[in-house]
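Enquirer: For reference, the structure I am asking about is given below.
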Amino acid sequence: MMVTVRFAPSPTGRLHAGNIRTALINWIFARKEGGRFLLRLDDTDAERSTEEFAQGIREDLTWLGLGWEREIRQSDRFDRYATAVERLKASGQLYPAYETQEELELKRKRQLARGRPPVYDRAALKLTDAERGKLEAEGRKPHWRFLLETRDVVWNDLVRGEQHVDAASLSDPVLVRADGTYLYTLPSVVDDIDLGITHVIRGEDHVANTAPQIQLFEALGAKPPAFGHHNLLVGAEGQALSKRDRALSIQGLREEGLEPLAVASYAATIGTSDPVAPHGSLDELVTAFAFAKLSRAPARFDAHELRLLNARLLHALPYDAVAERLAAMGVAGGEGFWEAVRSNLTTLADARFWCLVVSGDIAPVIDDAELCRAAARLLPSEPWDGTTWTAWSSAVKDATGAKGRALFQPLRLALTGRKHGPELKLLLPLIGRDRAAARLGGKTA
RNA sequence: GCCCCCUUCGUCUAAUGGUUAGGACGUCAGGUUUUCAACCUGAAAACAGGAGUUCAAUUCUCCUAGGGGGUACCA
């Protein structure tokens, strides 16, 4: 059977670092197995789901290079869920319950107070027809619970090995609310069956969901897929990740100017036994991937480390990988420009500044006016090449007696306006005589 | 409260019942660049704590502490 996996976000917000890691692992696994990767929008909550968020999710995935074979929306599939509900009612595995949320909460509190696990007591199962009739007459509408078999549910998790969950320690999950809307479990399982999902790969926050879901697959006459639960992410300080942390949204990372491949490289290698390193393509990540490499401890997502990785990625990037994007940014300058500046970039957008240095206006910093004036006078005539810098700076040194830092720092500040930057040997010919002369004179070109 | 998972350099991690506990990022130093950055080389840097089993424990067992997850009419 063809490997088929799905990434199932709900369009109630933008994707964040944790989401994207799940998406990436699914996508990579599908690629590795020659299988299919589907996007399933879990939009059963009509209140909170919006088309804007759905579009945002598509943009985020596309930006990262994660294409999907097919998109499914749960809101298109309510008839399928209704069919499943009828089937479960017919087999007696779905039963009506009438407790209000307040009543359930009270029950849980009492159980907790007695040191008992807060598991639903199945009181609704013991209701007589007369009692049920009375409740309905009072105007109560039932919600519907899936009757779990109280047995040990076992599966061989792709990353965690053999897992056991004692279904007796679980409440019978509510599948349908009193208003007829569905909770996560039922649509998810029905979709997985209909779409032929072979591997459900998700975060370990879903481990406990797996046992009821396996029983639901079976109740609906389907063979459960394989399950894999990867470790979760925590923040740089080891704290639980907040969903609202904008810095960790994919949108935020993109707006910060990070490379999609850097984000993907980082997300796919933290929490694994592979070193965190930039990869030249998603295919390289596919080659490196193995479930066995995933750690079981939570991994730290450190935005600072991501930036360092982004810089390392840029430093090694060939010109043709960025030529189009540089042009789109309005950064002129060809391969020579790129070779000169790339090792000083943290984000691609930094190239804008060096573009101005080379072919626009910057504010020169005159640290040593006398030296700069002398340097301006000694500027050779063009054409300039890779040897110009050495010859010229030597001449300045001879004329002024300045050397080392005292010689180079004022020149760098005047020519680029900054203390740090690419090799002036490469930069100077790109700046050209007119600009250099103007900057050394303290005026902008 | 109860259940599950986890804990090795600052960080991500490897390995092992007997090892100089390995790598990567970061840090520091040296080299190179007659400056900085980049780059190259090198160094420092870890088995959470306590018991137990054993000739021998970082490795196996138990306890404690800490972290994460779950325990929903969220997904």
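Ligands are numbered from 1 in the order shown, residues from 1 within each chain, and chains are lettered A, B, ... in the order they appear in the structure tokens.
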Based on only C-alpha atoms (C1' of nucleotides), which of the residues in chain B come within 6 Å of chain A? I want them as a PyMOL selection string.
Expert: chain B and resi 1-2+6+12-13+24+34-38+69+73
Enquirer: Calculated over only C-alpha atoms (C1' of nucleotides), which of the candidates B:U41, B:U11, B:G17, B:G67 has the smallest distance to U54 (chain B)?
Expert: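 The answer is B:G17, which sits nearest to U54 (chain B).
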Enquirer: Region 163-195 of chain A: which residues are strand (DSSP E) by DSSP, as a PyMOL selection string?
Expert: chain A and resi 163-166+174-176
Enquirer: Counting only C-alpha atoms, which residue out of A:Ala316, A:Trp354, A:Ser359, A:Pro383 sits closest to Thr416 (chain A)?
Expert: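 Using only C-alpha atoms, Thr416 (chain A) sits closest to A:Trp354.
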Enquirer: Assign secondary structure with DSSP using the backbone only, and return the residues of region 171-387 of chain A in helix (DSSP H, G or I) as a count of residues only.
Expert: 108
Enquirer: Have a look at B:A56, B:C4, B:A43, B:A48 and name the one nearest to G18 (chain B); count only C-alpha atoms (C1' of nucleotides).
Expert: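 For G18 (chain B), the nearest of the candidates is B:A56.
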Enquirer: Leaving out Leu430 (chain A) and any residue of its chain fewer than 5 positions from it, which residues lie within 10 Å of it when counting only C-alpha atoms (C1' of nucleotides), given as a ChimeraX atom specification?
Expert: /A:333,336-337,340,355,357-359,384-386,424-425,435-436
Enquirer: Keeping N, CA and C atoms for every residue in the selection just given, could you write it to a file as a short mmCIF file (atom, residue, chain, number, x, y, z; two decimals), in the first residue's frame?
Expert:
```cif
data_model
loop_
_atom_site.label_atom_id
_atom_site.label_comp_id
_atom_site.auth_asym_id
_atom_site.auth_seq_id
_atom_site.Cartn_x
_atom_site.Cartn_y
_atom_site.Cartn_z
N GLY A 333 24.03 44.07 -8.80
CA GLY A 333 25.35 43.52 -8.48
C GLY A 333 25.31 42.05 -8.78
N GLY A 336 30.13 38.74 -8.49
CA GLY A 336 31.26 39.30 -7.75
C GLY A 336 30.79 39.97 -6.47
N PHE A 337 29.70 40.68 -6.57
CA PHE A 337 29.12 41.34 -5.40
C PHE A 337 28.73 40.29 -4.36
N ALA A 340 31.57 38.72 -2.61
CA ALA A 340 32.22 39.65 -1.71
C ALA A 340 31.47 39.79 -0.39
N CYS A 355 24.72 46.61 -0.85
CA CYS A 355 24.43 47.09 -2.19
C CYS A 355 24.55 48.62 -2.22
N VAL A 357 26.39 50.34 -0.21
CA VAL A 357 27.81 50.64 -0.03
C VAL A 357 28.50 50.65 -1.40
N VAL A 358 28.12 49.70 -2.22
CA VAL A 358 28.79 49.50 -3.49
C VAL A 358 28.24 50.42 -4.59
N SER A 359 26.94 50.67 -4.53
CA SER A 359 26.39 51.43 -5.66
C SER A 359 25.35 52.46 -5.26
N TRP A 384 40.07 49.64 -11.57
CA TRP A 384 40.49 49.00 -10.35
C TRP A 384 40.23 47.50 -10.42
N ASP A 385 41.08 46.78 -9.70
CA ASP A 385 40.86 45.32 -9.64
C ASP A 385 41.24 44.80 -8.25
N GLY A 386 41.42 43.52 -8.14
CA GLY A 386 41.68 42.90 -6.85
C GLY A 386 42.99 43.32 -6.20
N LEU A 424 37.85 44.41 2.18
CA LEU A 424 37.87 45.63 1.38
C LEU A 424 38.55 45.40 0.03
N LYS A 425 39.39 44.42 0.01
CA LYS A 425 40.04 44.05 -1.24
C LYS A 425 39.00 43.75 -2.33
N ARG A 435 32.90 57.22 -5.73
CA ARG A 435 32.29 57.07 -4.40
C ARG A 435 33.35 57.08 -3.31
N ALA A 436 34.44 56.38 -3.56
CA ALA A 436 35.50 56.31 -2.55
C ALA A 436 36.02 57.70 -2.25
#
```
Enquirer: Rounded to one decimal, what separation in Å do you get between CA of Trp338 (chain A) and CA of Ala395 (chain A)?
Expert: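 Calculated distance between CA of Trp338 (chain A) and CA of Ala395 (chain A) is 28.1 Å.
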Enquirer: Work out how far apart CA of Leu253 (chain A) and CA of Ala54 (chain A) are and give it in Å to one decimal.
Expert: 18.3 Å
